[in-house]
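Visitor: Following this line is target.cif, made up of mmCIF, C-alpha atoms:
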data_data
loop_
_atom_site.group_PDB
_atom_site.id
_atom_site.type_symbol
_atom_site.label_atom_id
_atom_site.label_comp_id
_atom_site.auth_asym_id
_atom_site.auth_seq_id
_atom_site.Cartn_x
_atom_site.Cartn_y
_atom_site.Cartn_z
ATOM 1 C CA MET A 30 -12.028 26.774 -16.581
ATOM 2 C CA ALA A 31 -9.831 24.750 -18.926
ATOM 3 C CA LYS A 32 -9.916 20.955 -18.733
ATOM 4 C CA ILE A 33 -6.381 19.623 -18.286
ATOM 5 C CA LEU A 34 -5.359 16.049 -19.131
ATOM 6 C CA VAL A 35 -2.078 14.585 -17.876
ATOM 7 C CA THR A 36 -0.640 11.506 -19.590
ATOM 8 C CA GLY A 37 1.465 8.926 -17.731
ATOM 9 C CA ALA A 38 -0.623 9.505 -14.611
ATOM 10 C CA THR A 39 0.694 6.365 -12.859
ATOM 11 C CA GLY A 40 4.306 7.549 -13.242
ATOM 12 C CA GLN A 41 6.006 9.768 -10.677
ATOM 13 C CA ILE A 42 6.140 12.955 -12.772
ATOM 14 C CA GLY A 43 2.602 12.590 -14.142
ATOM 15 C CA LYS A 44 1.086 11.862 -10.746
ATOM 16 C CA SER A 45 3.057 14.667 -9.080
ATOM 17 C CA THR A 46 1.919 17.131 -11.786
ATOM 18 C CA ILE A 47 -1.703 16.267 -10.959
ATOM 19 C CA GLU A 48 -1.039 16.674 -7.208
ATOM 20 C CA HIS A 49 0.340 20.163 -7.889
ATOM 21 C CA LEU A 50 -2.671 21.082 -10.058
ATOM 22 C CA LEU A 51 -4.903 20.152 -7.092
ATOM 23 C CA LYS A 52 -2.699 22.192 -4.720
ATOM 24 C CA LYS A 53 -3.104 25.176 -7.037
ATOM 25 C CA GLY A 54 -6.858 24.924 -6.561
ATOM 26 C CA VAL A 55 -7.828 23.300 -9.863
ATOM 27 C CA PRO A 56 -10.960 21.251 -9.072
ATOM 28 C CA GLY A 57 -10.562 17.489 -9.544
ATOM 29 C CA SER A 58 -13.466 17.603 -12.022
ATOM 30 C CA GLN A 59 -11.303 19.741 -14.360
ATOM 31 C CA ILE A 60 -8.320 17.354 -14.232
ATOM 32 C CA ILE A 61 -8.139 14.137 -16.227
ATOM 33 C CA ALA A 62 -5.578 11.441 -15.456
ATOM 34 C CA LEU A 63 -4.771 9.322 -18.503
ATOM 35 C CA SER A 64 -3.533 5.817 -17.847
ATOM 36 C CA ARG A 65 -3.398 2.472 -19.614
ATOM 37 C CA LYS A 66 -4.712 0.747 -16.502
ATOM 38 C CA LYS A 67 -6.898 1.580 -13.512
ATOM 39 C CA GLU A 68 -4.372 0.217 -10.990
ATOM 40 C CA GLY A 69 -2.082 2.795 -9.442
ATOM 41 C CA ILE A 70 -4.328 5.846 -9.716
ATOM 42 C CA GLU A 71 -7.058 4.978 -7.218
ATOM 43 C CA ASP A 72 -5.681 7.702 -4.924
ATOM 44 C CA LEU A 73 -6.200 10.337 -7.637
ATOM 45 C CA ALA A 74 -9.736 9.123 -8.320
ATOM 46 C CA ALA A 75 -10.422 9.381 -4.569
ATOM 47 C CA LYS A 76 -9.479 13.087 -4.795
ATOM 48 C CA GLY A 77 -12.122 13.633 -7.467
ATOM 49 C CA VAL A 78 -9.788 13.485 -10.474
ATOM 50 C CA GLU A 79 -11.426 11.973 -13.556
ATOM 51 C CA VAL A 80 -9.609 8.878 -14.767
ATOM 52 C CA ARG A 81 -9.692 7.971 -18.468
ATOM 53 C CA LEU A 82 -8.122 4.874 -19.942
ATOM 54 C CA GLY A 83 -6.057 5.215 -23.083
ATOM 55 C CA ASP A 84 -3.076 3.602 -24.746
ATOM 56 C CA TYR A 85 -0.560 5.360 -27.007
ATOM 57 C CA PHE A 86 -0.843 2.468 -29.462
ATOM 58 C CA ASP A 87 -4.662 2.498 -29.530
ATOM 59 C CA TYR A 88 -5.467 5.686 -31.430
ATOM 60 C CA ASP A 89 -9.234 5.452 -30.899
ATOM 61 C CA SER A 90 -8.740 5.202 -27.128
ATOM 62 C CA LEU A 91 -6.740 8.463 -27.274
ATOM 63 C CA LEU A 92 -9.459 10.208 -29.290
ATOM 64 C CA ARG A 93 -12.019 9.220 -26.644
ATOM 65 C CA ALA A 94 -9.709 10.257 -23.797
ATOM 66 C CA PHE A 95 -8.998 13.706 -25.294
ATOM 67 C CA GLU A 96 -12.654 14.579 -25.833
ATOM 68 C CA GLY A 97 -13.507 17.969 -24.275
ATOM 69 C CA VAL A 98 -9.881 18.569 -23.196
ATOM 70 C CA ASP A 99 -8.243 22.012 -23.602
ATOM 71 C CA LYS A 100 -4.661 21.320 -22.479
ATOM 72 C CA VAL A 101 -2.565 18.159 -22.466
ATOM 73 C CA MET A 102 0.547 17.557 -20.377
ATOM 74 C CA LEU A 103 2.375 15.050 -22.573
ATOM 75 C CA THR A 104 4.597 13.279 -20.056
ATOM 76 C CA SER A 105 7.166 11.615 -22.313
ATOM 77 C CA ALA A 106 7.083 7.836 -22.616
ATOM 78 C CA VAL A 107 9.878 5.845 -20.979
ATOM 79 C CA ALA A 108 13.069 4.845 -22.779
ATOM 80 C CA PHE A 109 13.255 1.401 -24.436
ATOM 81 C CA THR A 110 9.729 1.884 -25.861
ATOM 82 C CA ASP A 111 8.589 3.250 -29.226
ATOM 83 C CA ARG A 112 8.479 6.823 -27.962
ATOM 84 C CA SER A 113 8.191 8.383 -31.428
ATOM 85 C CA THR A 114 4.993 6.485 -32.284
ATOM 86 C CA SER A 115 3.573 7.064 -28.787
ATOM 87 C CA HIS A 116 4.082 10.814 -28.941
ATOM 88 C CA TYR A 117 3.014 11.117 -32.583
ATOM 89 C CA ASN A 118 -0.273 9.344 -31.834
ATOM 90 C CA ALA A 119 -0.903 11.506 -28.770
ATOM 91 C CA ILE A 120 -0.275 14.794 -30.615
ATOM 92 C CA THR A 121 -2.292 13.789 -33.681
ATOM 93 C CA ALA A 122 -5.234 12.505 -31.631
ATOM 94 C CA ALA A 123 -5.148 15.649 -29.466
ATOM 95 C CA ARG A 124 -5.315 17.854 -32.553
ATOM 96 C CA GLN A 125 -8.166 15.785 -34.009
ATOM 97 C CA ALA A 126 -10.063 15.944 -30.700
ATOM 98 C CA GLY A 127 -9.827 19.749 -30.537
ATOM 99 C CA VAL A 128 -7.161 20.157 -27.834
ATOM 100 C CA LYS A 129 -5.660 23.657 -27.953
ATOM 101 C CA HIS A 130 -2.342 23.441 -26.095
ATOM 102 C CA ILE A 131 0.212 20.661 -25.432
ATOM 103 C CA VAL A 132 3.053 20.864 -22.909
ATOM 104 C CA TYR A 133 5.807 18.343 -23.732
ATOM 105 C CA MET A 134 8.546 17.156 -21.406
ATOM 106 C CA SER A 135 11.862 16.719 -23.244
ATOM 107 C CA VAL A 136 15.397 16.008 -22.015
ATOM 108 C CA MET A 137 17.739 18.992 -21.737
ATOM 109 C CA ARG A 138 20.280 19.305 -24.558
ATOM 110 C CA LYS A 139 23.359 21.506 -24.614
ATOM 111 C CA GLU A 140 23.131 23.984 -27.451
ATOM 112 C CA GLY A 141 25.195 22.843 -30.418
ATOM 113 C CA SER A 142 26.497 19.679 -28.712
ATOM 114 C CA GLY A 143 25.048 17.248 -31.257
ATOM 115 C CA ARG A 144 25.093 14.496 -28.615
ATOM 116 C CA ILE A 145 22.589 11.714 -29.239
ATOM 117 C CA MET A 146 21.438 10.055 -26.034
ATOM 118 C CA PRO A 147 20.396 6.624 -27.375
ATOM 119 C CA GLY A 148 16.740 5.867 -26.707
ATOM 120 C CA ILE A 149 15.927 9.504 -25.929
ATOM 121 C CA THR A 150 17.310 12.262 -28.165
ATOM 122 C CA GLU A 151 16.017 11.150 -31.555
ATOM 123 C CA SER A 152 12.456 10.656 -30.305
ATOM 124 C CA ASP A 153 12.592 14.002 -28.453
ATOM 125 C CA LEU A 154 13.701 15.830 -31.619
ATOM 126 C CA PHE A 155 11.003 14.045 -33.636
ATOM 127 C CA THR A 156 8.281 14.855 -31.083
ATOM 128 C CA GLU A 157 9.274 18.524 -30.892
ATOM 129 C CA GLN A 158 9.137 18.749 -34.690
ATOM 130 C CA VAL A 159 5.690 17.093 -34.836
ATOM 131 C CA LEU A 160 4.433 19.401 -32.108
ATOM 132 C CA LYS A 161 5.773 22.592 -33.712
ATOM 133 C CA SER A 162 4.220 21.682 -37.073
ATOM 134 C CA SER A 163 0.874 20.545 -35.572
ATOM 135 C CA GLY A 164 -0.681 24.005 -35.506
ATOM 136 C CA LEU A 165 -1.401 23.561 -31.775
ATOM 137 C CA ALA A 166 -0.061 25.928 -29.134
ATOM 138 C CA TYR A 167 2.914 24.172 -27.540
ATOM 139 C CA THR A 168 5.275 24.553 -24.609
ATOM 140 C CA ILE A 169 8.443 22.453 -24.464
ATOM 141 C CA VAL A 170 10.028 21.978 -21.041
ATOM 142 C CA TYR A 171 13.593 20.691 -21.003
ATOM 143 C CA HIS A 172 14.322 18.519 -17.984
ATOM 144 C CA PRO A 173 17.726 18.199 -16.341
ATOM 145 C CA PRO A 174 18.689 14.981 -14.493
ATOM 146 C CA PHE A 175 16.482 14.369 -11.452
ATOM 147 C CA THR A 176 18.128 15.129 -8.096
ATOM 148 C CA ASN A 177 16.220 12.066 -6.784
ATOM 149 C CA THR A 178 18.001 9.668 -9.138
ATOM 150 C CA LEU A 179 21.603 10.863 -8.657
ATOM 151 C CA PRO A 180 22.240 8.326 -5.828
ATOM 152 C CA PHE A 181 21.399 5.588 -8.360
ATOM 153 C CA TYR A 182 24.640 6.399 -10.191
ATOM 154 C CA TYR A 183 26.922 5.548 -7.285
ATOM 155 C CA ASP A 184 27.256 2.712 -4.751
ATOM 156 C CA SER A 185 24.376 2.355 -2.281
ATOM 157 C CA ASN A 186 26.911 2.501 0.552
ATOM 158 C CA PRO A 187 29.318 5.267 -0.535
ATOM 159 C CA TYR A 188 30.803 5.613 2.972
ATOM 160 C CA GLU A 189 32.164 2.068 2.784
ATOM 161 C CA ASN A 190 32.612 1.541 -0.934
ATOM 162 C CA GLY A 191 33.240 5.068 -2.200
ATOM 163 C CA ILE A 192 31.941 6.607 -5.412
ATOM 164 C CA LYS A 193 33.236 5.152 -8.682
ATOM 165 C CA VAL A 194 31.810 6.856 -11.781
ATOM 166 C CA PRO A 195 32.949 7.757 -15.316
ATOM 167 C CA ALA A 196 32.950 11.416 -14.202
ATOM 168 C CA ASN A 197 34.888 13.914 -12.144
ATOM 169 C CA ASN A 198 34.349 17.699 -11.982
ATOM 170 C CA GLY A 199 31.850 18.157 -14.843
ATOM 171 C CA LYS A 200 28.861 20.154 -13.583
ATOM 172 C CA MET A 201 25.131 19.495 -13.976
ATOM 173 C CA ALA A 202 22.105 21.437 -12.707
ATOM 174 C CA PRO A 203 19.598 18.857 -11.410
ATOM 175 C CA ALA A 204 16.081 19.436 -10.042
ATOM 176 C CA THR A 205 13.763 17.119 -8.119
ATOM 177 C CA ARG A 206 10.859 15.398 -9.850
ATOM 178 C CA ASP A 207 8.508 17.261 -7.537
ATOM 179 C CA GLU A 208 9.964 20.661 -8.495
ATOM 180 C CA LEU A 209 9.675 19.839 -12.204
ATOM 181 C CA ALA A 210 6.074 18.655 -11.746
ATOM 182 C CA GLU A 211 5.268 21.894 -9.903
ATOM 183 C CA ALA A 212 6.725 23.867 -12.847
ATOM 184 C CA HIS A 213 4.442 21.857 -15.181
ATOM 185 C CA ALA A 214 1.414 22.741 -13.047
ATOM 186 C CA GLU A 215 2.366 26.432 -13.121
ATOM 187 C CA ILE A 216 2.586 26.383 -16.941
ATOM 188 C CA LEU A 217 -0.744 24.520 -17.228
ATOM 189 C CA THR A 218 -2.625 26.958 -14.984
ATOM 190 C CA THR A 219 -1.249 30.379 -15.961
ATOM 191 C CA PRO A 220 -1.367 32.300 -19.270
ATOM 192 C CA GLY A 221 1.509 33.336 -21.516
ATOM 193 C CA HIS A 222 3.343 30.050 -22.074
ATOM 194 C CA GLU A 223 2.160 29.355 -25.627
ATOM 195 C CA ASN A 224 4.862 28.502 -28.175
ATOM 196 C CA LYS A 225 7.669 28.851 -25.649
ATOM 197 C CA THR A 226 10.483 26.606 -24.491
ATOM 198 C CA TYR A 227 11.787 26.473 -20.940
ATOM 199 C CA SER A 228 15.059 24.956 -19.793
ATOM 200 C CA LEU A 229 14.499 23.727 -16.247
ATOM 201 C CA GLY A 230 18.060 23.312 -14.977
ATOM 202 C CA GLY A 231 18.116 23.729 -11.177
ATOM 203 C CA SER A 232 19.734 26.436 -9.027
ATOM 204 C CA ASP A 233 22.589 24.257 -7.719
ATOM 205 C CA ALA A 234 25.280 23.140 -10.194
ATOM 206 C CA ILE A 235 27.231 20.135 -8.927
ATOM 207 C CA SER A 236 29.605 17.410 -10.085
ATOM 208 C CA PHE A 237 30.002 13.827 -8.899
ATOM 209 C CA ALA A 238 33.213 14.935 -7.134
ATOM 210 C CA ASP A 239 31.079 17.544 -5.297
ATOM 211 C CA ILE A 240 28.577 14.827 -4.346
ATOM 212 C CA ALA A 241 31.366 12.807 -2.680
ATOM 213 C CA LYS A 242 32.389 15.912 -0.681
ATOM 214 C CA ILE A 243 28.770 16.685 0.304
ATOM 215 C CA LEU A 244 28.171 13.100 1.520
ATOM 216 C CA ALA A 245 31.430 13.230 3.502
ATOM 217 C CA GLU A 246 30.383 16.540 5.140
ATOM 218 C CA ILE A 247 26.921 15.269 6.085
ATOM 219 C CA LYS A 248 28.220 12.334 8.154
ATOM 220 C CA GLY A 249 31.712 13.573 8.911
ATOM 221 C CA GLN A 250 33.060 10.423 7.222
ATOM 222 C CA PRO A 251 35.293 10.330 4.159
ATOM 223 C CA VAL A 252 33.792 9.184 0.855
ATOM 224 C CA PRO A 253 36.568 7.946 -1.450
ATOM 225 C CA PHE A 254 36.043 9.229 -5.006
ATOM 226 C CA THR A 255 37.444 7.385 -8.029
ATOM 227 C CA PRO A 256 36.876 8.421 -11.663
ATOM 228 C CA ILE A 257 36.737 5.275 -13.832
ATOM 229 C CA THR A 258 36.293 4.557 -17.539
ATOM 230 C CA ALA A 259 32.875 4.156 -19.152
ATOM 231 C CA GLU A 260 33.653 0.487 -19.847
ATOM 232 C CA GLU A 261 34.564 -0.192 -16.194
ATOM 233 C CA TYR A 262 31.308 1.480 -15.139
ATOM 234 C CA ILE A 263 29.268 -0.665 -17.553
ATOM 235 C CA ASP A 264 30.918 -3.749 -15.984
ATOM 236 C CA ILE A 265 29.951 -2.563 -12.468
ATOM 237 C CA LYS A 266 26.312 -1.986 -13.519
ATOM 238 C CA MET A 267 26.148 -5.398 -15.224
ATOM 239 C CA ALA A 268 27.576 -7.017 -12.070
ATOM 240 C CA GLN A 269 24.650 -5.386 -10.221
ATOM 241 C CA GLY A 270 22.312 -7.314 -12.508
ATOM 242 C CA PHE A 271 21.490 -4.767 -15.232
ATOM 243 C CA PRO A 272 21.321 -6.015 -18.843
ATOM 244 C CA ARG A 273 24.083 -4.563 -21.018
ATOM 245 C CA ASN A 274 21.763 -2.180 -22.919
ATOM 246 C CA VAL A 275 20.500 -0.683 -19.639
ATOM 247 C CA ALA A 276 24.054 -0.470 -18.240
ATOM 248 C CA GLU A 277 25.119 1.391 -21.406
ATOM 249 C CA PHE A 278 22.068 3.686 -21.146
ATOM 250 C CA VAL A 279 22.945 4.637 -17.533
ATOM 251 C CA THR A 280 26.594 5.132 -18.499
ATOM 252 C CA ASN A 281 25.615 7.480 -21.341
ATOM 253 C CA TRP A 282 23.793 9.664 -18.808
ATOM 254 C CA ALA A 283 26.774 9.757 -16.437
ATOM 255 C CA VAL A 284 29.166 10.679 -19.265
ATOM 256 C CA ALA A 285 26.758 13.376 -20.534
ATOM 257 C CA MET A 286 26.572 14.836 -17.005
ATOM 258 C CA GLU A 287 30.374 14.931 -16.815
ATOM 259 C CA GLU A 288 30.622 16.615 -20.226
ATOM 260 C CA GLY A 289 28.276 19.464 -19.305
ATOM 261 C CA GLU A 290 25.216 18.420 -21.294
ATOM 262 C CA PHE A 291 22.942 19.417 -18.382
ATOM 263 C CA GLU A 292 24.783 22.348 -16.783
ATOM 264 C CA TYR A 293 22.793 25.208 -18.353
ATOM 265 C CA GLN A 294 20.947 27.323 -15.787
ATOM 266 C CA SER A 295 18.409 29.575 -17.517
ATOM 267 C CA GLY A 296 16.633 30.615 -14.314
ATOM 268 C CA ASP A 297 13.329 29.439 -15.882
ATOM 269 C CA ILE A 298 12.517 26.991 -13.090
ATOM 270 C CA GLU A 299 13.145 29.652 -10.417
ATOM 271 C CA ARG A 300 10.812 32.071 -12.216
ATOM 272 C CA LEU A 301 8.108 29.392 -12.532
ATOM 273 C CA LEU A 302 8.391 28.258 -8.897
ATOM 274 C CA GLY A 303 9.081 31.693 -7.414
ATOM 275 C CA ARG A 304 12.060 30.298 -5.485
ATOM 276 C CA LYS A 305 15.369 28.463 -5.859
ATOM 277 C CA THR A 306 15.382 24.683 -6.236
ATOM 278 C CA LYS A 307 16.671 22.408 -3.485
ATOM 279 C CA THR A 308 20.398 21.863 -3.311
ATOM 280 C CA PHE A 309 21.660 18.283 -3.484
ATOM 281 C CA LYS A 310 22.761 18.636 0.145
ATOM 282 C CA GLU A 311 19.230 19.685 1.242
ATOM 283 C CA TYR A 312 17.671 16.847 -0.720
ATOM 284 C CA ILE A 313 20.032 14.124 0.450
ATOM 285 C CA THR A 314 19.931 15.300 4.118
ATOM 286 C CA SER A 315 16.136 14.985 4.102
ATOM 287 C CA THR A 316 16.281 11.469 2.549
ATOM 288 C CA LEU A 317 19.022 10.249 4.915
ATOM 289 C CA ALA A 318 16.947 11.513 7.867
#
How does this structure look as structure tokens?
Guide:
Amino acid sequence: MAKILVTGATGQIGKSTIEHLLKKGVPGSQIIALSRKKEGIEDLAAKGVEVRLGDYFDYDSLLRAFEGVDKVMLTSAVAFTDRSTSHYNAITAARQAGVKHIVYMSVMRKEGSGRIMPGITESDLFTEQVLKSSGLAYTIVYHPPFTNTLPFYYDSNPYENGIKVPANNGKMAPATRDELAEAHAEILTTPGHENKTYSLGGSDAISFADIAKILAEIKGQPVPFTPITAEEYIDIKMAQGFPRNVAEFVTNWAVAMEEGEFEYQSGDIERLLGRKTKTFKEYITSTLA
């Protein structure tokens, strides 16, 4: 059986991918969780998962971590870090260590849009290029926005304060982190995914205006909806305590959602999961409960 290493094992997607590998019956001894630190993955170690320490900026630590590994789930590094160097080191070390297949998690891009999401797009494009020219088998999975994080974009009490976003009826096709992680596990444990790309837009296309209607339906209370300018939204986020660069980053996502950057529904995630993804209403009802 192939040895599978998952990077970013302390993060939500990385950890969830490992949980789904275990659910699919992969023995813990065949799964390696890569982390910079031992804290935060004790629960995985307790399930028999091998933990290896490695840092994207310590090439030798990556070489040691990738020893004897067949497949790597390269969970992309977070924004506001040197993602290009991180990913380049991981791919190069994996190739040197004899890894055969890398699955990389990229952010969904609308075909031909040319939009650059600062902090994300350029490093994604670079990583995909490095991966495709590495000679390794690759799979690129394009992630839509996470259903889990959509409430972050509007007020924490929408019933009292309404929803004010730089968006209106533009559609997106989100999926939960758990659904995306399950799709990763399916790709890592079944044949036929080499040198393919999957666009993992969810089954339920919604807009922020739809979200206001859904929230109103759930509680039978109106949720006032107000489209605002990007600059007004940045001011709101900064008033909530975010530094300007983070406020701008969040705003870029909201504007991209409104402009259809993440609306493409290929059906790939449904084929990988064998079912439709959760609707926003299903997700939010379960969290409100």
Visitor: Report the distance between atom CA of A:Leu317 and atom CA of A:Lys305 in Å, rounded to one decimal place.
Guide: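 That distance, rounded to one decimal, is 21.5 Å.
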Visitor: List as a compact mmCIF listing (two decimals) with C-alpha atoms, in the coordinates of the input the residues having at least one atom at most 10 Å from position (25.4, 25.6, -22.3) as given in the file, counting only C-alpha atoms.
Guide:
# COMPACT_ATOMS: atom_id res chain seq x y z
CA ARG A 138 20.28 19.30 -24.56
CA LYS A 139 23.36 21.51 -24.61
CA GLU A 140 23.13 23.98 -27.45
CA GLY A 141 25.20 22.84 -30.42
CA SER A 142 26.50 19.68 -28.71
CA GLY A 289 28.28 19.46 -19.30
CA GLU A 290 25.22 18.42 -21.29
CA PHE A 291 22.94 19.42 -18.38
CA GLU A 292 24.78 22.35 -16.78
CA TYR A 293 22.79 25.21 -18.35
CA GLN A 294 20.95 27.32 -15.79
CA SER A 295 18.41 29.58 -17.52
Visitor: Please expand the PyMOL selection byres ((chain A and resi 111) around 12) into the concrete residues it hits in this file, giving the result as JSON, numbers by chain.
Guide: {"A": [85, 86, 105, 106, 107, 108, 109, 110, 112, 113, 114, 115, 116, 117, 118, 148, 149, 151, 152, 153, 155, 156]}
Visitor: Write the residues you've just listed into a file as a PDB file, in the frame of the given file, and include C-alpha atoms for each of them.
Guide:
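Once written, part-v1.pdb looks like this:
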ATOM      1  CA  TYR A  85      -0.560   5.360 -27.007  1.00  0.00           C
ATOM      2  CA  PHE A  86      -0.843   2.468 -29.462  1.00  0.00           C
ATOM      3  CA  SER A 105       7.166  11.615 -22.313  1.00  0.00           C
ATOM      4  CA  ALA A 106       7.083   7.836 -22.616  1.00  0.00           C
ATOM      5  CA  VAL A 107       9.878   5.845 -20.979  1.00  0.00           C
ATOM      6  CA  ALA A 108      13.069   4.845 -22.779  1.00  0.00           C
ATOM      7  CA  PHE A 109      13.255   1.401 -24.436  1.00  0.00           C
ATOM      8  CA  THR A 110       9.729   1.884 -25.861  1.00  0.00           C
ATOM      9  CA  ARG A 112       8.479   6.823 -27.962  1.00  0.00           C
ATOM     10  CA  SER A 113       8.191   8.383 -31.428  1.00  0.00           C
ATOM     11  CA  THR A 114       4.993   6.485 -32.284  1.00  0.00           C
ATOM     12  CA  SER A 115       3.573   7.064 -28.787  1.00  0.00           C
ATOM     13  CA  HIS A 116       4.082  10.814 -28.941  1.00  0.00           C
ATOM     14  CA  TYR A 117       3.014  11.117 -32.583  1.00  0.00           C
ATOM     15  CA  ASN A 118      -0.273   9.344 -31.834  1.00  0.00           C
ATOM     16  CA  GLY A 148      16.740   5.867 -26.707  1.00  0.00           C
ATOM     17  CA  ILE A 149      15.927   9.504 -25.929  1.00  0.00           C
ATOM     18  CA  GLU A 151      16.017  11.150 -31.555  1.00  0.00           C
ATOM     19  CA  SER A 152      12.456  10.656 -30.305  1.00  0.00           C
ATOM     20  CA  ASP A 153      12.592  14.002 -28.453  1.00  0.00           C
ATOM     21  CA  PHE A 155      11.003  14.045 -33.636  1.00  0.00           C
ATOM     22  CA  THR A 156       8.281  14.855 -31.083  1.00  0.00           C
TER      23      THR A 156
END
Visitor: Find, counting only C-alpha atoms, the residue in A:Thr316, A:Gln250, A:Ser58, A:Thr306 that gets nearest to A:Glu189.
Guide: A:Gln250
Visitor: Using only C-alpha atoms for the distances, tell me which of A:Val98, A:Ile298, A:Val55, A:Ile243 is nearest to A:Ala202.
Guide: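 Among A:Val98, A:Ile298, A:Val55, A:Ile243, it is A:Ile298 that comes nearest to A:Ala202.
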Visitor: Could you list, as a ChimeraX atom specification, every residue matched by the PyMOL selection byres ((chain A and resi 209) around 9) in this structure?
Guide: /A:42,45-46,172,175,204-208,210-214,229,298
Visitor: With distances taken over all atoms listed in the file, which residue among A:Ile192, A:Ile47, A:Ile33, A:Ile61 lies nearest A:Val128?
Guide: A:Ile33
Visitor: Go through A:Pro187, A:Pro147, A:Pro256, A:Gly69 and flag the residue nearest A:Glu287, using all atoms listed in the file for the distances.
Guide: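 Between A:Pro187, A:Pro147, A:Pro256, A:Gly69, the residue approaching A:Glu287 most closely is A:Pro256.
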Visitor: Which residues, named as in the file, does the PyMOL selection byres ((chain A and resi 59) around 12) pick out? Answer as a PDB file with C-alpha atoms, keeping the file's coordinate frame.
Guide:
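Below you can see result-v2.pdb, which holds the result:
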ATOM      1  CA  MET A  30     -12.028  26.774 -16.581  1.00  0.00           C
ATOM      2  CA  ALA A  31      -9.831  24.750 -18.926  1.00  0.00           C
ATOM      3  CA  LYS A  32      -9.916  20.955 -18.733  1.00  0.00           C
ATOM      4  CA  ILE A  33      -6.381  19.623 -18.286  1.00  0.00           C
ATOM      5  CA  LEU A  34      -5.359  16.049 -19.131  1.00  0.00           C
ATOM      6  CA  VAL A  35      -2.078  14.585 -17.876  1.00  0.00           C
ATOM      7  CA  ILE A  47      -1.703  16.267 -10.959  1.00  0.00           C
ATOM      8  CA  LEU A  50      -2.671  21.082 -10.058  1.00  0.00           C
ATOM      9  CA  LEU A  51      -4.903  20.152  -7.092  1.00  0.00           C
ATOM     10  CA  GLY A  54      -6.858  24.924  -6.561  1.00  0.00           C
ATOM     11  CA  VAL A  55      -7.828  23.300  -9.863  1.00  0.00           C
ATOM     12  CA  PRO A  56     -10.960  21.251  -9.072  1.00  0.00           C
ATOM     13  CA  GLY A  57     -10.562  17.489  -9.544  1.00  0.00           C
ATOM     14  CA  SER A  58     -13.466  17.603 -12.022  1.00  0.00           C
ATOM     15  CA  ILE A  60      -8.320  17.354 -14.232  1.00  0.00           C
ATOM     16  CA  ILE A  61      -8.139  14.137 -16.227  1.00  0.00           C
ATOM     17  CA  ALA A  62      -5.578  11.441 -15.456  1.00  0.00           C
ATOM     18  CA  LYS A  76      -9.479  13.087  -4.795  1.00  0.00           C
ATOM     19  CA  GLY A  77     -12.122  13.633  -7.467  1.00  0.00           C
ATOM     20  CA  VAL A  78      -9.788  13.485 -10.474  1.00  0.00           C
ATOM     21  CA  GLU A  79     -11.426  11.973 -13.556  1.00  0.00           C
ATOM     22  CA  VAL A  80      -9.609   8.878 -14.767  1.00  0.00           C
ATOM     23  CA  GLY A  97     -13.507  17.969 -24.275  1.00  0.00           C
ATOM     24  CA  VAL A  98      -9.881  18.569 -23.196  1.00  0.00           C
ATOM     25  CA  ASP A  99      -8.243  22.012 -23.602  1.00  0.00           C
ATOM     26  CA  LYS A 100      -4.661  21.320 -22.479  1.00  0.00           C
ATOM     27  CA  LEU A 217      -0.744  24.520 -17.228  1.00  0.00           C
ATOM     28  CA  THR A 218      -2.625  26.958 -14.984  1.00  0.00           C
TER      29      THR A 218
END
Visitor: What is the atom CA of A:Met286-atom CA of A:Lys44 distance in Å, reported with one decimal?
Guide: 26.4 Å
Visitor: Counting only C-alpha atoms, which residue out of A:Leu103, A:Thr150, A:Ile263, A:Ala119 sits closest to A:Val275?
Guide: A:Ile263
Visitor: Taking into account only C-alpha atoms, which residue in the set A:Pro203, A:Gly43, A:Gly270, A:Gly83 is nearest to A:Asn177?
Guide: A:Pro203
Visitor: Kindly list the centre and edge lengths in Å, rounded to one decimal, for the axis-aligned box that covers all listed atoms of stretch 37-48 of chain A plus 6 Å on each of its six sides, as JSON.
Guide:
{"center_x": 2.2, "center_y": 11.7, "center_z": -12.5, "size_x": 19.8, "size_y": 22.8, "size_z": 22.5}
Visitor: In the coordinate frame of the file, compute which residues have an atom within 9 Å of (-6.6, 16.3, -26.8) when using all atoms listed in the file, and state them as a list in words.
Guide: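 The residues near that point, listed by chain and number, are Leu34, Leu91, Leu92, Arg93, Ala94, Phe95, Glu96, Gly97, Val98, Asp99, Lys100, Val101, Ala119, Ile120, Thr121, Ala122, Ala123, Arg124, Gln125, Ala126, Gly127, Val128, Lys129, His130 and Ile131 of chain A.
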Visitor: Could you check how far atom CA of A:Ala285 sits from atom CA of A:Ile257, in Å to one decimal?
Guide: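 That distance, rounded to one decimal, is 14.5 Å.
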Visitor: Within 10 Å of A:His222, counting all atoms listed in the file, which residues qualify if same-chain residues fewer than 2 places away don't, as a PyMOL selection string?
Guide: chain A and resi 130+132+166-169+215-220+224-227
Visitor: Please identify all polymer residues within 10 Å of A:Arg273, counting only C-alpha atoms, omitting same-chain residues fewer than 6 positions from it, and present them as an NGL selection string.
Guide: :A and (263-264 or 266-267 or 279)
